[in-house]
Structures are given as structure tokens and as C-alpha cells.
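J.: Have a peek at structure-v3.cif (mmCIF, C-alpha atoms).
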data_run
#
loop_
_atom_site.group_PDB
_atom_site.id
_atom_site.type_symbol
_atom_site.label_atom_id
_atom_site.label_comp_id
_atom_site.auth_asym_id
_atom_site.auth_seq_id
_atom_site.Cartn_x
_atom_site.Cartn_y
_atom_site.Cartn_z
ATOM 1 C CA MET A 259 9.424 47.473 -8.313
ATOM 2 C CA ILE A 260 7.804 45.411 -11.075
ATOM 3 C CA GLY A 261 8.986 41.983 -12.165
ATOM 4 C CA VAL A 262 8.007 38.409 -12.982
ATOM 5 C CA ALA A 263 8.057 35.769 -10.236
ATOM 6 C CA ARG A 264 8.079 32.012 -10.482
ATOM 7 C CA ASP A 265 4.865 30.007 -10.450
ATOM 8 C CA VAL A 266 3.520 29.140 -6.995
ATOM 9 C CA ARG A 267 1.046 26.353 -6.194
ATOM 10 C CA HIS A 268 -0.816 28.471 -3.704
ATOM 11 C CA TYR A 269 -4.037 26.456 -3.862
ATOM 12 C CA GLY A 270 -2.564 22.977 -3.343
ATOM 13 C CA LEU A 271 -0.302 20.551 -5.139
ATOM 14 C CA GLU A 272 -3.169 19.010 -7.092
ATOM 15 C CA ALA A 273 -4.547 22.326 -8.347
ATOM 16 C CA ASP A 274 -3.249 23.975 -11.477
ATOM 17 C CA VAL A 275 -1.116 27.072 -11.182
ATOM 18 C CA ARG A 276 -3.278 30.168 -11.382
ATOM 19 C CA PRO A 277 -2.233 33.661 -12.450
ATOM 20 C CA GLY A 278 -1.410 35.886 -9.501
ATOM 21 C CA ALA A 279 0.343 39.066 -8.532
ATOM 22 C CA TYR A 280 2.209 40.432 -5.526
ATOM 23 C CA VAL A 281 1.133 43.887 -4.359
ATOM 24 C CA PRO A 282 2.453 46.059 -1.517
ATOM 25 C CA TYR A 283 0.770 45.464 1.822
ATOM 26 C CA ARG A 284 -0.266 49.115 2.135
ATOM 27 C CA PHE A 285 -2.465 48.717 -0.944
ATOM 28 C CA ALA A 286 -4.045 45.407 0.117
ATOM 29 C CA ALA A 287 -4.045 45.185 3.904
ATOM 30 C CA GLN A 288 -5.425 41.989 5.450
ATOM 31 C CA ALA A 289 -6.131 40.822 8.982
ATOM 32 C CA ASN A 290 -4.045 37.635 8.671
ATOM 33 C CA VAL A 291 -0.688 38.017 7.014
ATOM 34 C CA GLY A 292 2.128 35.533 6.518
ATOM 35 C CA VAL A 293 5.725 36.595 6.240
ATOM 36 C CA VAL A 294 8.207 34.454 4.302
ATOM 37 C CA ILE A 295 11.907 34.869 5.043
ATOM 38 C CA ARG A 296 14.785 33.275 3.160
ATOM 39 C CA ALA A 297 17.606 32.349 5.500
ATOM 40 C CA LYS A 298 20.967 30.616 5.363
ATOM 41 C CA GLY A 299 21.756 27.880 7.823
ATOM 42 C CA ASP A 300 19.253 26.922 10.513
ATOM 43 C CA PRO A 301 16.142 29.091 9.974
ATOM 44 C CA THR A 302 14.752 28.360 13.446
ATOM 45 C CA ALA A 303 17.700 30.206 14.978
ATOM 46 C CA LEU A 304 16.389 33.434 13.434
ATOM 47 C CA ALA A 305 13.016 33.251 15.201
ATOM 48 C CA PRO A 306 13.933 35.654 18.069
ATOM 49 C CA THR A 307 15.430 38.156 15.619
ATOM 50 C CA VAL A 308 12.363 38.041 13.389
ATOM 51 C CA ARG A 309 10.033 38.561 16.324
ATOM 52 C CA ALA A 310 12.098 41.572 17.488
ATOM 53 C CA LEU A 311 12.053 43.116 14.002
ATOM 54 C CA LEU A 312 8.311 42.723 13.754
ATOM 55 C CA ARG A 313 7.805 44.386 17.112
ATOM 56 C CA GLN A 314 9.966 47.280 15.968
ATOM 57 C CA GLN A 315 7.640 47.790 13.029
ATOM 58 C CA ASP A 316 4.511 47.522 15.156
ATOM 59 C CA PRO A 317 4.471 46.659 18.887
ATOM 60 C CA VAL A 318 0.984 45.216 18.468
ATOM 61 C CA LEU A 319 2.185 42.542 16.067
ATOM 62 C CA SER A 320 2.417 39.128 17.672
ATOM 63 C CA PRO A 321 3.343 36.212 15.378
ATOM 64 C CA SER A 322 1.066 33.307 16.181
ATOM 65 C CA ALA A 323 3.387 30.619 14.848
ATOM 66 C CA MET A 324 6.752 30.371 13.172
ATOM 67 C CA THR A 325 7.853 27.318 11.261
ATOM 68 C CA THR A 326 10.058 26.351 8.360
ATOM 69 C CA MET A 327 8.846 25.835 4.817
ATOM 70 C CA ASN A 328 10.084 22.252 4.901
ATOM 71 C CA GLU A 329 7.896 21.580 7.910
ATOM 72 C CA LEU A 330 4.868 23.116 6.209
ATOM 73 C CA ILE A 331 5.460 20.965 3.138
ATOM 74 C CA ARG A 332 5.914 17.878 5.328
ATOM 75 C CA GLN A 333 2.629 18.545 7.097
ATOM 76 C CA SER A 334 0.774 19.153 3.842
ATOM 77 C CA LEU A 335 2.098 15.880 2.379
ATOM 78 C CA PHE A 336 1.534 13.753 5.477
ATOM 79 C CA LEU A 337 -1.606 11.994 4.236
ATOM 80 C CA ARG A 338 -0.227 11.514 0.737
ATOM 81 C CA ARG A 339 2.989 10.017 2.078
ATOM 82 C CA MET A 340 1.032 7.776 4.423
ATOM 83 C CA TYR A 341 -1.104 6.533 1.523
ATOM 84 C CA SER A 342 2.037 6.031 -0.571
ATOM 85 C CA ALA A 343 3.697 4.047 2.212
ATOM 86 C CA MET A 344 0.600 1.871 2.629
ATOM 87 C CA THR A 345 0.359 1.323 -1.120
ATOM 88 C CA THR A 346 4.034 0.366 -1.259
ATOM 89 C CA ALA A 347 3.622 -2.065 1.635
ATOM 90 C CA PHE A 348 0.575 -3.681 0.004
ATOM 91 C CA ALA A 349 2.430 -3.878 -3.320
ATOM 92 C CA LEU A 350 5.377 -5.646 -1.680
ATOM 93 C CA ILE A 351 3.016 -8.070 0.071
ATOM 94 C CA ALA A 352 1.215 -8.707 -3.215
ATOM 95 C CA ALA A 353 4.525 -9.324 -4.983
ATOM 96 C CA ALA A 354 5.619 -11.766 -2.280
ATOM 97 C CA MET A 355 2.288 -13.609 -2.429
ATOM 98 C CA ALA A 356 2.435 -13.713 -6.222
ATOM 99 C CA ALA A 357 5.986 -15.081 -6.133
ATOM 100 C CA ALA A 358 5.023 -17.739 -3.564
ATOM 101 C CA GLY A 359 1.897 -18.708 -5.511
ATOM 102 C CA LEU A 360 3.758 -18.795 -8.793
ATOM 103 C CA TYR A 361 6.506 -20.939 -7.324
ATOM 104 C CA GLY A 362 3.953 -23.340 -5.840
ATOM 105 C CA ILE A 363 2.024 -23.700 -9.101
ATOM 106 C CA ILE A 364 5.116 -24.224 -11.239
ATOM 107 C CA ALA A 365 6.587 -26.641 -8.700
ATOM 108 C CA TYR A 366 3.335 -28.628 -8.796
ATOM 109 C CA VAL A 367 3.227 -28.645 -12.604
ATOM 110 C CA VAL A 368 6.865 -29.693 -12.816
ATOM 111 C CA GLY A 369 6.224 -32.382 -10.229
ATOM 112 C CA GLN A 370 3.413 -33.785 -12.381
ATOM 113 C CA ARG A 371 5.842 -33.964 -15.307
ATOM 114 C CA THR A 372 8.587 -35.753 -13.380
ATOM 115 C CA ARG A 373 7.981 -39.035 -15.209
ATOM 116 C CA GLU A 374 8.035 -37.218 -18.560
ATOM 117 C CA PHE A 375 11.350 -35.614 -17.664
ATOM 118 C CA GLY A 376 12.715 -38.973 -16.573
ATOM 119 C CA ILE A 377 11.800 -40.550 -19.883
ATOM 120 C CA ARG A 378 13.314 -37.624 -21.780
ATOM 121 C CA LEU A 379 16.548 -37.947 -19.813
ATOM 122 C CA ALA A 380 16.603 -41.701 -20.345
ATOM 123 C CA LEU A 381 16.260 -41.167 -24.075
ATOM 124 C CA GLY A 382 19.251 -38.852 -24.145
ATOM 125 C CA ALA A 383 17.882 -35.406 -23.407
ATOM 126 C CA HIS A 384 20.160 -33.070 -21.490
ATOM 127 C CA ALA A 385 19.124 -31.630 -18.141
ATOM 128 C CA ARG A 386 19.860 -28.089 -19.302
ATOM 129 C CA ASP A 387 17.440 -28.570 -22.224
ATOM 130 C CA LEU A 388 14.660 -29.560 -19.835
ATOM 131 C CA ARG A 389 15.409 -26.584 -17.616
ATOM 132 C CA ARG A 390 15.258 -24.291 -20.638
ATOM 133 C CA LEU A 391 11.935 -25.866 -21.632
ATOM 134 C CA VAL A 392 10.364 -25.192 -18.239
ATOM 135 C CA VAL A 393 11.781 -21.662 -18.022
ATOM 136 C CA ARG A 394 10.672 -20.846 -21.582
ATOM 137 C CA GLU A 395 7.121 -22.021 -20.958
ATOM 138 C CA GLY A 396 6.985 -20.068 -17.712
ATOM 139 C CA LEU A 397 8.331 -16.910 -19.318
ATOM 140 C CA VAL A 398 5.762 -17.127 -22.120
ATOM 141 C CA LEU A 399 2.951 -17.174 -19.568
ATOM 142 C CA ALA A 400 4.674 -14.400 -17.632
ATOM 143 C CA ALA A 401 4.932 -12.265 -20.772
ATOM 144 C CA MET A 402 1.186 -12.586 -21.285
ATOM 145 C CA GLY A 403 0.520 -11.641 -17.671
ATOM 146 C CA ILE A 404 2.943 -8.719 -17.741
ATOM 147 C CA GLY A 405 1.341 -7.455 -20.955
ATOM 148 C CA LEU A 406 -2.108 -7.479 -19.342
ATOM 149 C CA GLY A 407 -0.618 -5.870 -16.236
ATOM 150 C CA LEU A 408 0.911 -3.050 -18.268
ATOM 151 C CA VAL A 409 -2.449 -2.346 -19.881
ATOM 152 C CA GLY A 410 -4.063 -2.270 -16.445
ATOM 153 C CA GLY A 411 -1.263 -0.046 -15.178
ATOM 154 C CA ILE A 412 -1.807 2.415 -18.019
ATOM 155 C CA LEU A 413 -5.517 2.613 -17.243
ATOM 156 C CA ALA A 414 -4.888 2.930 -13.503
ATOM 157 C CA GLY A 415 -2.231 5.586 -14.090
ATOM 158 C CA ALA A 416 -4.645 7.621 -16.184
ATOM 159 C CA ALA A 417 -7.269 7.376 -13.442
ATOM 160 C CA LEU A 418 -4.787 8.365 -10.713
ATOM 161 C CA ARG A 419 -3.128 11.135 -12.701
ATOM 162 C CA PRO A 420 -4.706 13.932 -10.577
ATOM 163 C CA LEU A 421 -2.981 12.478 -7.496
ATOM 164 C CA LEU A 422 0.467 12.413 -9.101
ATOM 165 C CA MET A 423 2.264 15.703 -8.536
ATOM 166 C CA GLY A 424 5.114 16.194 -10.983
ATOM 167 C CA VAL A 425 5.281 12.461 -11.781
ATOM 168 C CA HIS A 426 4.252 10.933 -15.091
ATOM 169 C CA PRO A 427 1.919 7.927 -14.644
ATOM 170 C CA LEU A 428 4.124 5.909 -17.043
ATOM 171 C CA ASP A 429 7.581 6.735 -15.774
ATOM 172 C CA PRO A 430 9.927 4.584 -17.947
ATOM 173 C CA PRO A 431 12.422 3.710 -15.154
ATOM 174 C CA VAL A 432 9.577 2.586 -12.884
ATOM 175 C CA VAL A 433 7.883 0.517 -15.582
ATOM 176 C CA PHE A 434 11.198 -1.076 -16.587
ATOM 177 C CA GLY A 435 12.105 -1.798 -12.968
ATOM 178 C CA ILE A 436 8.761 -3.454 -12.183
ATOM 179 C CA THR A 437 8.912 -5.504 -15.367
ATOM 180 C CA ALA A 438 12.467 -6.636 -14.609
ATOM 181 C CA LEU A 439 11.432 -7.582 -11.063
ATOM 182 C CA LEU A 440 8.508 -9.679 -12.289
ATOM 183 C CA VAL A 441 10.641 -11.409 -14.920
ATOM 184 C CA THR A 442 13.259 -12.204 -12.267
ATOM 185 C CA ILE A 443 10.602 -13.670 -9.955
ATOM 186 C CA VAL A 444 9.191 -15.804 -12.752
ATOM 187 C CA PHE A 445 12.653 -16.966 -13.832
ATOM 188 C CA ALA A 446 13.554 -18.019 -10.278
ATOM 189 C CA ALA A 447 10.179 -19.689 -9.751
ATOM 190 C CA CYS A 448 10.676 -21.716 -12.955
ATOM 191 C CA LEU A 449 14.343 -22.538 -12.588
ATOM 192 C CA VAL A 450 14.344 -23.882 -9.034
ATOM 193 C CA PRO A 451 11.661 -26.606 -9.561
ATOM 194 C CA ALA A 452 13.164 -27.480 -12.948
ATOM 195 C CA ARG A 453 16.630 -27.991 -11.463
ATOM 196 C CA ARG A 454 15.148 -30.112 -8.705
ATOM 197 C CA ALA A 455 13.246 -32.290 -11.169
ATOM 198 C CA THR A 456 16.263 -32.905 -13.415
ATOM 199 C CA ARG A 457 18.424 -33.971 -10.458
ATOM 200 C CA LEU A 458 16.180 -36.877 -9.489
ATOM 201 C CA ASP A 459 17.334 -40.465 -9.788
ATOM 202 C CA LEU A 460 16.093 -41.791 -13.147
ATOM 203 C CA VAL A 461 15.572 -45.326 -11.819
ATOM 204 C CA GLU A 462 13.423 -44.112 -8.963
ATOM 205 C CA VAL A 463 11.449 -41.830 -11.264
ATOM 206 C CA LEU A 464 10.666 -44.600 -13.761
ATOM 207 C CA ARG A 465 9.746 -47.039 -10.980
ATOM 208 C CA ALA A 466 7.330 -44.576 -9.403
ATOM 209 C CA GLU A 467 4.566 -45.276 -11.950
#
Represent the supplied structure as C-alpha cells.

T.:
Amino acid sequence: MIGVARDVRHYGLEADVRPGAYVPYRFAAQANVGVVIRAKGDPTALAPTVRALLRQQDPVLSPSAMTTMNELIRQSLFLRRMYSAMTTAFALIAAAMAAAGLYGIIAYVVGQRTREFGIRLALGAHARDLRRLVVREGLVLAAMGIGLGLVGGILAGAALRPLLMGVHPLDPPVVFGITALLVTIVFAACLVPARRATRLDLVEVLRAE
């Protein structure tokens, strides 16, 4: 029987697919041979039947180990998944630290401008206009930071491309999701201190200095 089979990453997920061919065992006998069986349902339940069939073919045959393809894939990806989990955990910690630091800096800056906001409110400015001012200034800085981060992400993605199996380094949903998350963090970090500053008592603010 002659036909065309699908590509197989026989030499690892990182390696490119190489040309190969399947030949009958009688024409290319080897000491160590693996048998792949497609089964329906629970494949482990077929282990005794497979062992019996192999012994019928040759009583000397003794399978050293039998496992499922999913288990083999899980074992081969263990280190990669561990590194991915660690990277994700560090990324979440970094995002939390960045959000806390950003909130602290903006809260400090807004606190230094409390008298300015008080004077603006006393002269007739609306609180929502001051909140928009703070949020707009924060988002402008965030846009600059996100732009630099995207450039760094593109460079890092190009460097890590060999480690990405079947995933584009600039996956649009991922890039959009991260950008939306950062914008949300910046918006919250700007809005909360701004709302707090515009709710202060004007008399107390003007008397403070």
C-alpha cells in the first residue's frame, strides 16, 4: 500500500518537520520498536488485549511500557508548561506591582495638586472636568509606555519565536487583551485619586496653605 500521510514532528515540537516515509517492518527491522494503536473510549482498557495479540505474533515479545499518546505529550511538555506557568505568575505579580506603583505615584501627584484643584473649583470649574484632566494626562503617559512596551514585546517575541509552537509571537487577541488590561489599570489608578481630590472640602483645602 502506498499513500501520503500527515506531517509528524518526530524530532520535537521545536524542530521543523522533516521528510519521512513509513516502510514495512520486514524491510527495516529494528531492535526497539514502538507500536501505535488508535482506540475508541479508554485506551488503557485495551492494554491486556494488546499484550495478548503481541504474544500471539511472537511469544518472545514483551512490551516494556504502554501509555497513551496524551500522557506522552504531557510528559514532553512538562518543562515548557512549568516555564509558562512561572512566566504567567511573574507577569501577574509584575502587573500587580505596576498597578500599585502607578496608583501610588498618581495619588501623590494628585495630592500635590489639591490646592490647584481647590482654586479651580472655587473659580467655577466642575469636578468632572478635573477628573477628566487627571485621567487624560494619565492616559497620555500610559499610551507612551504601552507604545514602548509593544516595541519591546515585538523584539522579545522575535527572540522567543523558536520556543513558540504553533503560536504567532504577535497574536492579535493577546496583544489587544494586554493593552486593554493596562489601559483599564491606568484608568482606575487615575480616576480614584482624582475623585478623592475633587470631593475635598474647598474651605479646608484653601486654608491648608

J.: I need the residue nearest Ile377 of chain A from this list: A:Arg309, A:Gly278, A:Thr456, A:Gly396. Use all atoms listed in the file for the distance.

T.: A:Thr456

J.: How far is it from atom CA of Cys448 of chain A to atom CA of Arg371 of chain A, in Å with one decimal?

T.: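 For atom CA of Cys448 of chain A relative to atom CA of Arg371 of chain A, the distance reads 13.4 Å.
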
J.: Report the residues retrieved by the PyMOL selection byres ((chain A and resi 391) around 12) from the displayed file, expressed as a list in words.

T.: Val368, Arg371, Phe375, Arg378, Ala383, His384, Ala385, Arg386, Asp387, Leu388, Arg389, Arg390, Val392, Val393, Arg394, Glu395, Gly396, Leu397, Val398, Phe445, Cys448, Leu449, Ala452, Arg453 and Thr456 of chain A

J.: What would the file look like if the residues just selected were written as a compact mmCIF listing (two decimals), in the coordinates of the input with C-alpha atoms?

T.:
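As written to disk, out.txt reads:
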# COMPACT_ATOMS: atom_id res chain seq x y z
CA VAL A 368 6.86 -29.69 -12.82
CA ARG A 371 5.84 -33.96 -15.31
CA PHE A 375 11.35 -35.61 -17.66
CA ARG A 378 13.31 -37.62 -21.78
CA ALA A 383 17.88 -35.41 -23.41
CA HIS A 384 20.16 -33.07 -21.49
CA ALA A 385 19.12 -31.63 -18.14
CA ARG A 386 19.86 -28.09 -19.30
CA ASP A 387 17.44 -28.57 -22.22
CA LEU A 388 14.66 -29.56 -19.84
CA ARG A 389 15.41 -26.58 -17.62
CA ARG A 390 15.26 -24.29 -20.64
CA VAL A 392 10.36 -25.19 -18.24
CA VAL A 393 11.78 -21.66 -18.02
CA ARG A 394 10.67 -20.85 -21.58
CA GLU A 395 7.12 -22.02 -20.96
CA GLY A 396 6.98 -20.07 -17.71
CA LEU A 397 8.33 -16.91 -19.32
CA VAL A 398 5.76 -17.13 -22.12
CA PHE A 445 12.65 -16.97 -13.83
CA CYS A 448 10.68 -21.72 -12.96
CA LEU A 449 14.34 -22.54 -12.59
CA ALA A 452 13.16 -27.48 -12.95
CA ARG A 453 16.63 -27.99 -11.46
CA THR A 456 16.26 -32.90 -13.42

J.: Have a look at A:Val308, A:Leu337, A:Ala365, A:Leu350 and name the one nearest to Leu440 of chain A; count only C-alpha atoms.

T.: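 Residue with the minimum atom-to-atom distance to Leu440 of chain A: A:Leu350.
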
J.: Between atom CA of Gln333 of chain A and atom CA of Ala279 of chain A, what is the distance in Å, rounded to a tenth?

T.: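 Between atom CA of Gln333 of chain A and atom CA of Ala279 of chain A the gap is 25.9 Å.
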
J.: Run through the PyMOL selection byres ((chain A and resi 441) around 12) on the given coordinates and return the selected residues as a PyMOL selection string.

T.: chain A and resi 353+357+360+393-394+396-405+434-440+442-449
